[in-house]
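Structure file input09.cif (mmCIF, C-alpha atoms) follows.
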data_protein
#
loop_
_atom_site.label_atom_id
_atom_site.label_comp_id
_atom_site.auth_asym_id
_atom_site.auth_seq_id
_atom_site.Cartn_x
_atom_site.Cartn_y
_atom_site.Cartn_z
CA MET A 1 52.31 -77.98 113.14
CA PRO A 2 52.03 -76.81 116.79
CA LYS A 3 50.91 -79.45 119.25
CA VAL A 4 47.50 -78.96 120.83
CA LYS A 5 48.06 -78.39 124.53
CA THR A 6 44.98 -76.57 125.81
CA ALA A 7 41.26 -76.44 125.18
CA PHE A 8 38.39 -74.23 126.34
CA ILE A 9 35.08 -76.15 126.45
CA THR A 10 31.66 -74.65 127.11
CA GLY A 11 28.79 -76.62 128.58
CA ALA A 12 31.33 -79.06 129.98
CA SER A 13 29.50 -80.12 133.13
CA ARG A 14 27.34 -82.79 131.50
CA GLY A 15 26.38 -84.62 128.32
CA ILE A 16 28.45 -84.06 125.19
CA GLY A 17 30.58 -81.30 126.72
CA ARG A 18 31.50 -83.50 129.67
CA ALA A 19 32.49 -86.36 127.36
CA ILE A 20 34.65 -84.03 125.26
CA ALA A 21 36.38 -82.62 128.35
CA LYS A 22 37.19 -86.11 129.62
CA LYS A 23 38.37 -87.35 126.20
CA PHE A 24 40.63 -84.32 125.71
CA ALA A 25 42.08 -84.63 129.23
CA GLU A 26 42.78 -88.33 128.70
CA SER A 27 44.74 -87.33 125.60
CA GLY A 28 46.93 -84.97 127.61
CA ILE A 29 45.15 -81.73 126.73
CA LYS A 30 44.71 -79.22 129.57
CA VAL A 31 41.05 -78.26 129.65
CA THR A 32 39.14 -75.26 130.91
CA CYS A 33 35.59 -76.39 131.66
CA THR A 34 32.75 -73.88 131.69
CA SER A 35 29.14 -74.11 132.77
CA ARG A 36 26.55 -72.16 134.69
CA THR A 37 26.12 -75.09 137.09
CA VAL A 38 29.01 -74.69 139.53
CA LYS A 39 28.42 -77.95 141.45
CA ASP A 40 28.45 -80.08 138.29
CA LEU A 41 31.46 -78.16 137.00
CA GLU A 42 33.44 -78.89 140.14
CA LYS A 43 32.54 -82.56 139.78
CA ILE A 44 33.90 -82.94 136.24
CA VAL A 45 37.09 -81.05 137.14
CA SER A 46 37.60 -83.37 140.14
CA GLU A 47 37.06 -86.45 137.95
CA ILE A 48 39.62 -85.23 135.44
CA GLU A 49 42.19 -84.46 138.14
CA GLU A 50 41.63 -87.84 139.81
CA ASN A 51 42.60 -89.44 136.48
CA ASP A 52 45.83 -87.41 136.29
CA GLY A 53 44.39 -84.81 133.91
CA THR A 54 44.64 -81.04 134.22
CA ALA A 55 41.48 -78.95 134.38
CA LEU A 56 40.30 -75.49 135.35
CA ALA A 57 36.71 -74.57 136.27
CA ALA A 58 35.25 -71.36 134.86
CA PRO A 59 31.60 -70.73 135.81
CA ILE A 60 30.13 -68.40 133.16
CA ASP A 61 27.01 -67.58 131.20
CA VAL A 62 28.21 -67.87 127.59
CA SER A 63 25.70 -65.28 126.44
CA GLU A 64 27.67 -62.59 128.31
CA MET A 65 30.61 -61.42 126.20
CA THR A 66 32.63 -59.78 129.00
CA ALA A 67 32.41 -62.87 131.22
CA PHE A 68 33.48 -65.08 128.32
CA GLU A 69 36.48 -62.87 127.51
CA GLU A 70 37.57 -62.81 131.16
CA ALA A 71 37.37 -66.61 131.43
CA VAL A 72 39.41 -67.07 128.24
CA LYS A 73 42.01 -64.59 129.52
CA LYS A 74 42.36 -66.49 132.82
CA SER A 75 42.65 -69.78 130.94
CA ALA A 76 45.39 -68.38 128.69
CA GLU A 77 47.27 -66.98 131.68
CA LYS A 78 47.14 -70.30 133.53
CA PHE A 79 47.91 -72.65 130.65
CA GLY A 80 49.92 -70.37 128.36
CA SER A 81 47.61 -70.55 125.33
CA VAL A 82 44.13 -71.35 124.05
CA ASP A 83 44.66 -73.86 121.25
CA VAL A 84 41.14 -75.24 120.96
CA LEU A 85 37.68 -73.82 121.54
CA VAL A 86 34.68 -76.13 121.74
CA ASN A 87 31.40 -74.18 121.62
CA ASN A 88 29.04 -76.76 123.10
CA ALA A 89 26.83 -74.90 125.60
CA GLY A 90 23.18 -75.08 124.66
CA ILE A 91 19.65 -75.03 126.05
CA VAL A 92 16.24 -76.08 124.76
CA LYS A 93 12.88 -74.39 125.31
CA ASP A 94 10.68 -76.33 122.93
CA ASN A 95 7.20 -75.38 121.80
CA LEU A 96 5.23 -75.05 118.62
CA LEU A 97 5.87 -71.70 116.94
CA LEU A 98 2.37 -70.35 117.64
CA ARG A 99 2.80 -71.09 121.34
CA MET A 100 6.42 -70.08 121.68
CA LYS A 101 7.04 -67.09 123.93
CA GLU A 102 9.34 -64.33 122.76
CA GLY A 103 11.51 -64.89 125.83
CA ASP A 104 11.96 -68.57 124.96
CA TRP A 105 13.08 -67.60 121.45
CA ASP A 106 15.50 -64.95 122.75
CA SER A 107 17.11 -67.09 125.45
CA VAL A 108 17.80 -70.03 123.12
CA ILE A 109 19.30 -67.75 120.47
CA ASP A 110 21.37 -65.93 123.12
CA VAL A 111 22.92 -69.09 124.58
CA ASN A 112 23.14 -71.37 121.55
CA LEU A 113 24.06 -68.91 118.80
CA LYS A 114 25.29 -65.72 120.44
CA GLY A 115 27.27 -67.83 122.91
CA CYS A 116 29.06 -69.36 119.94
CA PHE A 117 29.84 -65.91 118.53
CA ASN A 118 31.08 -64.74 121.94
CA GLY A 119 33.41 -67.73 122.23
CA ILE A 120 34.93 -67.24 118.79
CA LYS A 121 35.34 -63.52 119.41
CA ALA A 122 37.04 -64.18 122.76
CA VAL A 123 39.58 -66.78 121.60
CA THR A 124 40.45 -65.35 118.17
CA PRO A 125 43.01 -62.73 119.37
CA HIS A 126 44.89 -65.46 121.29
CA MET A 127 44.85 -67.87 118.35
CA MET A 128 45.83 -65.21 115.83
CA LYS A 129 48.79 -64.22 117.98
CA ASN A 130 49.97 -67.85 118.01
CA ARG A 131 49.00 -68.37 114.35
CA PHE A 132 47.28 -71.59 115.33
CA GLY A 133 43.86 -72.66 116.51
CA ARG A 134 41.07 -75.19 116.28
CA ILE A 135 37.49 -73.99 116.73
CA ILE A 136 34.78 -76.65 117.00
CA ASN A 137 31.13 -75.63 117.13
CA ILE A 138 28.51 -78.15 118.22
CA THR A 139 25.43 -77.74 116.05
CA SER A 140 22.67 -80.36 115.62
CA VAL A 141 20.79 -82.48 113.13
CA SER A 142 17.87 -80.14 113.96
CA GLY A 143 19.81 -77.28 112.37
CA MET A 144 20.17 -79.30 109.16
CA MET A 145 16.70 -80.78 108.72
CA GLY A 146 14.43 -78.82 111.10
CA ASN A 147 12.34 -80.31 113.88
CA PRO A 148 8.72 -79.48 114.83
CA GLY A 149 8.53 -77.70 118.16
CA GLN A 150 12.10 -76.45 117.90
CA ALA A 151 11.93 -73.31 115.78
CA ASN A 152 14.26 -71.48 118.19
CA TYR A 153 16.71 -74.36 118.63
CA SER A 154 16.79 -75.27 114.93
CA ALA A 155 17.30 -71.64 113.92
CA ALA A 156 20.18 -71.25 116.38
CA LYS A 157 21.83 -74.48 115.27
CA ALA A 158 21.43 -73.62 111.58
CA GLY A 159 22.95 -70.24 112.36
CA ILE A 160 25.98 -71.98 113.84
CA ILE A 161 26.59 -73.73 110.50
CA GLY A 162 26.60 -70.40 108.65
CA LEU A 163 28.80 -68.84 111.32
CA THR A 164 31.23 -71.76 111.05
CA LYS A 165 31.63 -71.37 107.28
CA THR A 166 32.12 -67.61 107.42
CA VAL A 167 34.64 -67.61 110.25
CA ALA A 168 36.52 -70.49 108.60
CA ARG A 169 37.06 -68.26 105.57
CA GLU A 170 38.09 -65.29 107.71
CA LEU A 171 40.63 -67.14 109.86
CA ALA A 172 42.15 -69.66 107.44
CA SER A 173 45.13 -67.45 106.61
CA ARG A 174 46.12 -67.53 110.30
CA ASN A 175 46.19 -71.34 110.43
CA ILE A 176 42.95 -71.48 112.41
CA THR A 177 40.44 -74.11 111.34
CA VAL A 178 36.74 -73.78 112.15
CA ASN A 179 34.41 -76.76 111.90
CA ALA A 180 31.09 -77.92 113.27
CA ILE A 181 29.82 -81.26 114.53
CA ALA A 182 26.13 -82.02 114.08
CA PRO A 183 25.03 -84.78 116.47
CA GLY A 184 21.82 -86.69 115.89
CA TYR A 185 19.96 -88.34 118.78
CA ILE A 186 22.61 -88.84 121.46
CA ASP A 187 22.22 -90.46 124.88
CA THR A 188 22.11 -87.35 127.07
CA ASP A 189 19.69 -85.85 129.59
CA MET A 190 17.68 -84.52 126.63
CA THR A 191 16.94 -88.02 125.29
CA THR A 192 16.97 -90.23 128.39
CA ASP A 193 13.94 -88.39 129.77
CA LEU A 194 11.81 -89.52 126.81
CA SER A 195 9.14 -92.18 127.31
CA ASP A 196 9.88 -95.69 126.02
CA LYS A 197 7.33 -95.23 123.24
CA MET A 198 8.84 -91.93 122.09
CA ARG A 199 12.30 -93.47 122.22
CA GLU A 200 11.20 -96.43 120.09
CA GLU A 201 9.66 -94.12 117.49
CA MET A 202 12.83 -92.04 117.45
CA ILE A 203 15.08 -95.05 116.90
CA LYS A 204 12.90 -96.25 114.00
CA GLN A 205 14.01 -93.14 112.09
CA ILE A 206 17.71 -93.99 112.48
CA PRO A 207 19.17 -96.38 109.85
CA LEU A 208 21.80 -97.68 112.29
CA GLY A 209 18.99 -98.52 114.69
CA ARG A 210 20.32 -96.92 117.86
CA THR A 211 21.03 -93.62 119.53
CA GLY A 212 24.57 -92.28 119.60
CA LYS A 213 26.96 -92.10 122.50
CA THR A 214 28.51 -88.92 123.85
CA GLU A 215 31.90 -90.60 123.50
CA GLU A 216 31.34 -90.83 119.72
CA ILE A 217 30.93 -87.06 119.51
CA ALA A 218 33.98 -86.60 121.74
CA ALA A 219 36.06 -88.81 119.44
CA THR A 220 35.04 -86.69 116.44
CA ALA A 221 36.00 -83.52 118.31
CA LEU A 222 39.37 -84.98 119.25
CA PHE A 223 40.02 -85.89 115.61
CA LEU A 224 39.35 -82.28 114.58
CA THR A 225 42.13 -81.15 116.94
CA SER A 226 44.65 -83.51 115.37
CA ASP A 227 47.30 -82.95 112.71
CA GLU A 228 45.36 -85.37 110.50
CA ALA A 229 42.49 -82.85 110.39
CA ALA A 230 44.67 -79.85 109.56
CA TYR A 231 43.25 -79.57 106.02
CA ILE A 232 39.61 -79.65 107.13
CA THR A 233 37.87 -76.31 107.67
CA GLY A 234 34.41 -74.83 107.18
CA GLN A 235 32.81 -78.26 107.38
CA THR A 236 29.88 -79.68 109.30
CA ILE A 237 30.46 -83.29 110.26
CA ALA A 238 27.21 -85.16 110.85
CA VAL A 239 27.32 -87.87 113.51
CA ASN A 240 23.74 -89.09 113.42
CA GLY A 241 23.55 -92.77 112.53
CA GLY A 242 22.15 -91.91 109.10
CA LEU A 243 19.14 -90.01 110.45
CA TYR A 244 19.79 -87.21 107.96
CA MET A 245 21.96 -87.67 104.88
#
Please rewrite the model in this file as structure tokens.
Amino acid sequence: MPKVKTAFITGASRGIGRAIAKKFAESGIKVTCTSRTVKDLEKIVSEIEENDGTALAAPIDVSEMTAFEEAVKKSAEKFGSVDVLVNNAGIVKDNLLLRMKEGDWDSVIDVNLKGCFNGIKAVTPHMMKNRFGRIINITSVSGMMGNPGQANYSAAKAGIIGLTKTVARELASRNITVNAIAPGYIDTDMTTDLSDKMREEMIKQIPLGRTGKTEEIAATALFLTSDEAAYITGQTIAVNGGLYM
């Protein structure tokens, strides 16, 4: 089994993507970090390099196919391969369906779902050539159980699960595994901005009685890159404290 040497991570400037980039780099994986926020991207790359890791910054909008392909090409040229893709970039524009603007629907689908498609499309030729790859798509508990006010987000995240299963079947013969991770309520910017009352109500729904940590998602992602996970494909691994079973 080839050793994982490189990874391409979207939405790597903060939250779950940032934690995955740091975890991978600590494990000796060279990481290409992407984000639309250049300042935050430069910060995570600097942090990785200060800790003796190797990182490349690639500012892109994942909804743009050409930009994605160019960034993957540069990453492959610099590091020699693209062994792992982590499709993590995502946005929220919440509202009840009757109040949701068409533009808010389109933008969330474009970034969260189409961005995933673009990433897979961009890395697949490189992985097929090497007959090895690990694709990890970050979905959400919202894509599994639905969530009021998140018709766009839930639809995109549910779409990622279907995309994961289909591409896993298509690429299995080339030794490329495709899996998804479905986080529950994780301590990120999306949850820390909640009021204390909303946070308490949220935690009451979780059997383990707490929110998750970004590092716990990163550890799951790292496992999926390992030899021990070589026989896992087409799966959605829920990391949600029992919120949805």
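Here the question is which of A:Ala230, A:Leu98, A:Ala58, A:Met198 gets nearest to Lys3 (chain A) using all atoms listed in the file, and that residue is A:Ala230.
From CA of Thr139 (chain A) back to CA of Gln205 (chain A), the distance works out to 19.6 Å.
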Exercise for review: Compare A:Leu163, A:Ile232, A:Met145, A:Val72 by their minimum atom-to-atom distance to Pro59 (chain A), counting all atoms listed in the file, and give me the closest one.
Suggested key: A:Val72
Review point. What's the 9 Å shell around region 60-67 of chain A, counting all atoms listed in the file, without same-chain residues fewer than 4 positions away, as number ranges by chain?
Key: A: 10-11, 34-37, 71-72, 89, 107, 110-119, 121-122
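The set of residues that the PyMOL selection byres ((chain A and resi 4) around 9) takes from this file is Pro2, Lys3, Lys5, Thr6, Ala7, Ile29, Val82, Asp83, Val84, Gly133, Arg134, Thr225 and Ser226 of chain A.
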For the selection just defined, write its residues with C-alpha atoms to a file, as a PDB file, in the frame of the given file.
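Final file, again-v7.pdb:
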ATOM      1  CA  PRO A   2      52.030 -76.810 116.790  1.00  0.00           C
ATOM      2  CA  LYS A   3      50.910 -79.450 119.250  1.00  0.00           C
ATOM      3  CA  LYS A   5      48.060 -78.390 124.530  1.00  0.00           C
ATOM      4  CA  THR A   6      44.980 -76.570 125.810  1.00  0.00           C
ATOM      5  CA  ALA A   7      41.260 -76.440 125.180  1.00  0.00           C
ATOM      6  CA  ILE A  29      45.150 -81.730 126.730  1.00  0.00           C
ATOM      7  CA  VAL A  82      44.130 -71.350 124.050  1.00  0.00           C
ATOM      8  CA  ASP A  83      44.660 -73.860 121.250  1.00  0.00           C
ATOM      9  CA  VAL A  84      41.140 -75.240 120.960  1.00  0.00           C
ATOM     10  CA  GLY A 133      43.860 -72.660 116.510  1.00  0.00           C
ATOM     11  CA  ARG A 134      41.070 -75.190 116.280  1.00  0.00           C
ATOM     12  CA  THR A 225      42.130 -81.150 116.940  1.00  0.00           C
ATOM     13  CA  SER A 226      44.650 -83.510 115.370  1.00  0.00           C
TER      14      SER A 226
END
Check your understanding: Once the PyMOL selection byres ((chain A and resi 56) around 7) has been applied to the shown file, what residues remain in the selection, as a ChimeraX atom specification?
Key -> /A:31-33,45,55,57-58
Residues from the last selection, C-alpha atoms, saved as a compact mmCIF listing (two decimals), in the frame of the given file:
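The resulting file, selection27.txt, is shown below:
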# COMPACT_ATOMS: atom_id res chain seq x y z
CA VAL A 31 41.05 -78.26 129.65
CA THR A 32 39.14 -75.26 130.91
CA CYS A 33 35.59 -76.39 131.66
CA VAL A 45 37.09 -81.05 137.14
CA ALA A 55 41.48 -78.95 134.38
CA ALA A 57 36.71 -74.57 136.27
CA ALA A 58 35.25 -71.36 134.86
Got a sec to resolve the PyMOL selection byres ((chain A and resi 26) around 9) on this structure and send the residues as an mmCIF file with C-alpha atoms, in the frame of the given file?
data_model
loop_
_atom_site.group_PDB
_atom_site.id
_atom_site.type_symbol
_atom_site.label_atom_id
_atom_site.label_comp_id
_atom_site.auth_asym_id
_atom_site.auth_seq_id
_atom_site.Cartn_x
_atom_site.Cartn_y
_atom_site.Cartn_z
ATOM 1 C CA ALA A 21 36.380 -82.620 128.350
ATOM 2 C CA LYS A 22 37.190 -86.110 129.620
ATOM 3 C CA LYS A 23 38.370 -87.350 126.200
ATOM 4 C CA PHE A 24 40.630 -84.320 125.710
ATOM 5 C CA ALA A 25 42.080 -84.630 129.230
ATOM 6 C CA SER A 27 44.740 -87.330 125.600
ATOM 7 C CA GLY A 28 46.930 -84.970 127.610
ATOM 8 C CA ILE A 29 45.150 -81.730 126.730
ATOM 9 C CA ILE A 48 39.620 -85.230 135.440
ATOM 10 C CA ASN A 51 42.600 -89.440 136.480
ATOM 11 C CA ASP A 52 45.830 -87.410 136.290
ATOM 12 C CA GLY A 53 44.390 -84.810 133.910
#
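Among A:Asn240, A:Ser81, A:Asn87, A:Ser154, the residue with the shortest atom-to-atom distance to Ile109 (chain A), counting all atoms listed in the file, is A:Ser154.
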Review point. At what distance in Å, to one decimal, does CA of Ile136 (chain A) lie from CA of Leu85 (chain A)?
Key: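 Between CA of Leu85 (chain A) and CA of Ile136 (chain A) the gap works out to 6.1 Å.
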Around all the atoms of region 61-76 of chain A listed in the file, with 4 Å of room on each side, what axis-aligned box do you get, giving centre and edge lengths in Å to one decimal, as lines of an AutoDock Vina configuration file?
center_x = 35.5
center_y = -64.8
center_z = 129.5
size_x = 27.7
size_y = 18.0
size_z = 14.6
**Study point:** Nearest to Asn175 (chain A), chosen from A:Glu42, A:Asp227, A:Glu200, A:Asp193, with only C-alpha atoms counted in the distances
**Key:** A:Asp227
Review point. Please, what distance in Å, to one decimal, runs between CA of Phe132 (chain A) and CA of Thr177 (chain A)?
Key: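 Between these atoms lies a distance of 8.3 Å.
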Review point. From the set A:Leu194, A:Ile91, A:Val38, A:Leu97, which residue has the shortest atom-to-atom contact distance to Tyr153 (chain A), counting all atoms listed in the file?
Key: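 Closest to Tyr153 (chain A) of all the choices is A:Ile91.
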Practice item. Might you pull out every residue within 9 Å of Thr233 (chain A), with only C-alpha atoms counted and same-chain residues fewer than 4 positions away left off, and present them as a list in words? Key: Thr164, Lys165, Ala168, Arg169, Ala172, Ile176, Thr177, Val178, Asn179, Ala180 and Ala229 of chain A
**Study point:** Shell around Asn152 (chain A) at 7 Å using all atoms listed in the file, local window under 2 positions removed, as a PyMOL selection string
**Key:** chain A and resi 105+108-109+150+154-156
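Of the listed residues A:Lys93, A:Lys204, A:Lys30, A:Arg99, the one whose atoms come nearest to Phe79 (chain A) is A:Lys30, with distances taken using only C-alpha atoms.
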